[in-house]
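*Asks:* Please read through the structure below; I'll follow up with questions.
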Amino acid sequence: MNILTNQVKQTPINTYPMVHPRLFCQNPLIMKLSDDPNWTVSDDKKRPINAKVLLETYELYNAKLDDNREWPLVTLPELDADEKLDSVNRTYRLRARENRVIAIDVEPIAPKWMKHQALNFPAQYTELSKNGGVHALILVPESLINDDNRYLFEDLSVVKESVPKDKNGNDLRSAYFEVIFNDHYLTFTKRMLTEKPCADYENDAAARQFLESFLTNILNMDRKKKADRELVRQYQIDMIDRELDEQKQADIRSFLALEIFEKARAKSIERKEHHFAGDSSRYEMSVANTIAYYVIQNHKLALDTESWQNLAESLSEKDLVYAIYLMLQDAVPHREKHDEYRFDMPWLLFTSKRAYEFMKAHLSKS
């Protein structure tokens with residue numbers, strides 16, 4: 001993280017107490033994020049809590065986003081309205097794809113000079129973490145996002161510092177810092193640097209240049225990992241193509257063409273994105289769950305139907321996931337996120353796999 005010189009202000013690390021929630025939410029960037037329903041608190045092990053259950057009963061349950069349950073996160077004002085939570089941390093799930101907000105998380109084990117670099121980084125919000133690390137929150141201007149670095153915001157969750165390795169390729173130490181982009185939580189201690197000005201990248205040329213250099217350094221740091229990811233992704237695509245030869249794809253489409261799928265298609269387009277407060281991912285997950293239910297049930301029905309039995313027996317679980325994927329593509333409007341990959345699968349194929357696994361488990365309990 002050599003993005004500052006070592007001649008930085010050596011502020012004592014442990015001089016920042018927790019501020020009141022009113023002061024925390026007055027920070028311009030926190031205020032901008034406050035109405036985003038991606039807030040909660042975390043427990044002593046930094047596990048995010050189901051905020052809706054917490055506010056209703058004060059019971060602690062982990063926030064789970066991988067099934068069809070009610071969204072477990074709330075807005076910041078909803079948390080702040082409960083005075084019993086005044087001295088409790090605040091936790092936010094980052095989503096730079098949508099809002100371009102990223103976080104630098106410097107670990108407590110990092111050397112002091114690196115922590116002071118982070119403390120002096122021209123960010124819009126800076127605080128000490130629980131055990132003496134540093135958090136810096138940054139809203140990156142769209143004008144600094146280009147064709148080279150856009151994938152950081154659109155595709156990645158976290159970029160960790162590259163660490164030295166021994167002769168066998170093993171890490172010699174843990175990463176000192178990481179940059180969080182998407183799908184990860186940041187726990188705010190509210191031990192914020194109240195005297196530090198909020199960075200203005202549009203009007204402060206030095207701050208803008210600093211952030212631009214930082215993004216370039218992140219690109220350089222990720223270059224090898226990106227190349228490795230591309231190799232794995234291409235292998236995965238080739239593997240899918242090999243497994244689903246022309247005959248297999250024809251079988252899957254013949255299965256989906258059965259008259260028993262008429263109801264499934266009608267049900268798959270009943271719900272719209274506005275039913276989910278504009279949350280595209282939740283909407284798509286709900287549609288995928290609906291399709292998965294019918295694919296699984298119709299497969300069972302086909303297995304017991306003499307004229308369809310041979311076709312049904314030829315389909316594996318992977319084939320059924322692919323069937324969900326084909327129906328999901330037809331049911332939901334295309335958006336840029338569909339061109340992204342998760343675990344080396346196209347976004348909607350990844351969503352279809354999750355839906356199949358969830359519905360299979362749900363139906364097994366019925």
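Letters A, B, ... go to the chains of the structure tokens in the order shown; residues in each chain start at 1; ligands are counted from 1 in the same order.
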Please list as a ChimeraX atom specification every residue within 10 Å of A:Tyr325, counting only C-alpha atoms and excluding residues in the same chain fewer than 4 positions away.
*Replies:* /A:288,291-292,319-321,329-331,346-353,355
*Asks:* Write out as a PyMOL selection string the set of residues from stretch 10-96 of chain A that DSSP, computed on the backbone, places in strand (DSSP E or B).
*Replies:* chain A and resi 39-40+42+48-49+62+74+90-95
*Asks:* Using only C-alpha atoms, which protein or nucleic acid residues come within 6 Å of stretch 183-198 of chain A? Drop anything in the same chain fewer than 4 positions from it, and give the result as a list in words.
*Replies:*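 Everything that qualifies: Tyr16, Pro17, Met18, Val19, Asn89, Arg90, Thr91, Tyr92, Arg93, Leu94, Gln124, Thr126, Glu127, Leu128, Ser129 and Ser157 of chain A.
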*Asks:* Mind giving me the straight-line distance from atom CA of A:Ile180 to atom CA of A:Asp44 in Å, one decimal?
*Replies:*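 According to the coordinates, atom CA of A:Ile180 and atom CA of A:Asp44 are separated by 20.5 Å.
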*Asks:* Counting only C-alpha atoms, which residues in stretch 112-223 of chain A sit no more than 10 Å from stretch 336-342 of chain A? For each one, give the nearest pair of atoms and the distance in Å, sorted by chain then residue number, as a tab-separated table.
*Replies:*
residue	atom	partner	partner_atom	distance
A:Tyr151	CA	A:Glu340	CA	9.1
A:Glu154	CA	A:Glu340	CA	7.5
A:Asp155	CA	A:Glu340	CA	6.0
A:Leu156	CA	A:Arg342	CA	9.1
A:Ser157	CA	A:Arg342	CA	10.0
*Asks:* Would you save the residues from that selection as a PDB file, in the first residue's frame, using N, CA and C atoms?
*Replies:*
ATOM      1  N   TYR A 151     -13.990  -3.401 -14.017  1.00  0.00           N
ATOM      2  CA  TYR A 151     -14.261  -4.759 -13.542  1.00  0.00           C
ATOM      3  C   TYR A 151     -14.094  -4.870 -12.025  1.00  0.00           C
ATOM      4  N   GLU A 154     -17.502  -3.903 -10.816  1.00  0.00           N
ATOM      5  CA  GLU A 154     -18.607  -4.714 -11.320  1.00  0.00           C
ATOM      6  C   GLU A 154     -18.477  -6.186 -10.958  1.00  0.00           C
ATOM      7  N   ASP A 155     -17.255  -6.706 -10.950  1.00  0.00           N
ATOM      8  CA  ASP A 155     -17.067  -8.155 -10.850  1.00  0.00           C
ATOM      9  C   ASP A 155     -16.532  -8.641  -9.512  1.00  0.00           C
ATOM     10  N   LEU A 156     -15.753  -7.832  -8.812  1.00  0.00           N
ATOM     11  CA  LEU A 156     -15.019  -8.335  -7.655  1.00  0.00           C
ATOM     12  C   LEU A 156     -15.709  -8.026  -6.334  1.00  0.00           C
ATOM     13  N   SER A 157     -15.445  -8.867  -5.364  1.00  0.00           N
ATOM     14  CA  SER A 157     -15.928  -8.632  -4.003  1.00  0.00           C
ATOM     15  C   SER A 157     -14.842  -7.967  -3.172  1.00  0.00           C
TER      16      SER A 157
END
*Asks:* Distance atom CA of A:Asn27-atom CA of A:Leu137, one decimal place?
*Replies:* 10.9 Å
*Asks:* Near A:Leu54, within 12 Å and counting only C-alpha atoms, which residues show up once chain neighbours fewer than 6 positions away are dropped, as a short mmCIF file (atom, residue, chain, number, x, y, z; two decimals) with C-alpha atoms, in the first residue's frame?
*Replies:*
data_model
loop_
_atom_site.label_atom_id
_atom_site.label_comp_id
_atom_site.auth_asym_id
_atom_site.auth_seq_id
_atom_site.Cartn_x
_atom_site.Cartn_y
_atom_site.Cartn_z
CA THR A 40 -27.33 -4.06 10.45
CA VAL A 41 -25.05 -4.64 13.47
CA SER A 42 -22.58 -7.45 14.04
CA ASP A 43 -21.73 -9.67 17.00
CA PRO A 48 -23.82 -9.69 10.70
CA LEU A 60 -29.57 -12.54 17.73
CA TYR A 61 -29.77 -14.48 14.48
CA ASN A 62 -27.26 -14.37 11.67
CA ALA A 63 -28.29 -12.36 8.62
CA PRO A 72 -32.67 -9.25 7.00
CA LEU A 73 -31.13 -5.78 6.64
CA VAL A 74 -32.63 -2.35 7.31
CA GLU A 78 -34.27 2.30 11.61
CA LEU A 79 -31.30 1.19 13.71
CA ASP A 82 -33.65 2.33 18.92
CA LYS A 84 -30.71 0.62 23.15
CA LEU A 85 -28.44 0.32 20.11
#
*Asks:* What's the 12 Å shell around A:Glu313, counting only C-alpha atoms, without same-chain residues fewer than 3 positions away, as an MDAnalysis selection string?
*Replies:* chainID A and resid 251:252 255 299:310 316:317 319:320
*Asks:* Measure the distance from atom CA of A:Gln249 to atom CA of A:Ala323 in Å and round it to one decimal.
*Replies:* 9.1 Å
*Asks:* Report as a Markdown table the residues of stretch 164-275 of chain A within 10 Å of stretch 107-110 of chain A, each with its shortest atom pair and distance in Å (one decimal), using only C-alpha atoms, ordered by chain and increasing residue number.
*Replies:*
| residue | atom | partner | partner_atom | distance |
| --- | --- | --- | --- | --- |
| A:Ser174 | CA | A:Ile109 | CA | 8.7 |
| A:Ala175 | CA | A:Glu107 | CA | 7.9 |
| A:Tyr176 | CA | A:Ala110 | CA | 4.9 |
| A:Phe177 | CA | A:Glu107 | CA | 5.7 |
| A:Glu178 | CA | A:Glu107 | CA | 8.3 |
*Asks:* Emit the selected residues as a PDB file, in the first residue's frame, including N, CA and C atoms.
*Replies:*
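Output file out-v6.pdb follows:
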ATOM      1  N   SER A 174      -0.150 -12.993   6.777  1.00  0.00           N
ATOM      2  CA  SER A 174      -1.490 -12.612   6.331  1.00  0.00           C
ATOM      3  C   SER A 174      -1.428 -11.261   5.633  1.00  0.00           C
ATOM      4  N   ALA A 175      -2.419 -10.974   4.833  1.00  0.00           N
ATOM      5  CA  ALA A 175      -2.494  -9.672   4.160  1.00  0.00           C
ATOM      6  C   ALA A 175      -2.693  -8.573   5.193  1.00  0.00           C
ATOM      7  N   TYR A 176      -2.015  -7.459   4.989  1.00  0.00           N
ATOM      8  CA  TYR A 176      -2.136  -6.319   5.902  1.00  0.00           C
ATOM      9  C   TYR A 176      -3.382  -5.489   5.618  1.00  0.00           C
ATOM     10  N   PHE A 177      -3.852  -5.528   4.377  1.00  0.00           N
ATOM     11  CA  PHE A 177      -5.047  -4.740   4.065  1.00  0.00           C
ATOM     12  C   PHE A 177      -5.793  -5.368   2.909  1.00  0.00           C
ATOM     13  N   GLU A 178      -7.051  -4.975   2.767  1.00  0.00           N
ATOM     14  CA  GLU A 178      -7.873  -5.391   1.643  1.00  0.00           C
ATOM     15  C   GLU A 178      -8.767  -4.228   1.255  1.00  0.00           C
TER      16      GLU A 178
END
*Asks:* My list of candidates is A:His362, A:Ser286, A:Phe121, A:His274. Which is closest to A:Gln209 when distances are computed with only C-alpha atoms?
*Replies:*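 Using only C-alpha atoms, the shortest distance to A:Gln209 belongs to A:Phe121.
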*Asks:* Run DSSP on the backbone of this structure and report the residues of stretch 98-293 of chain A it assigns to alpha helix (DSSP H), as a ChimeraX atom specification.
*Replies:* /A:98-99,112-119,150-155,205-243,246-256,262-268,280-293
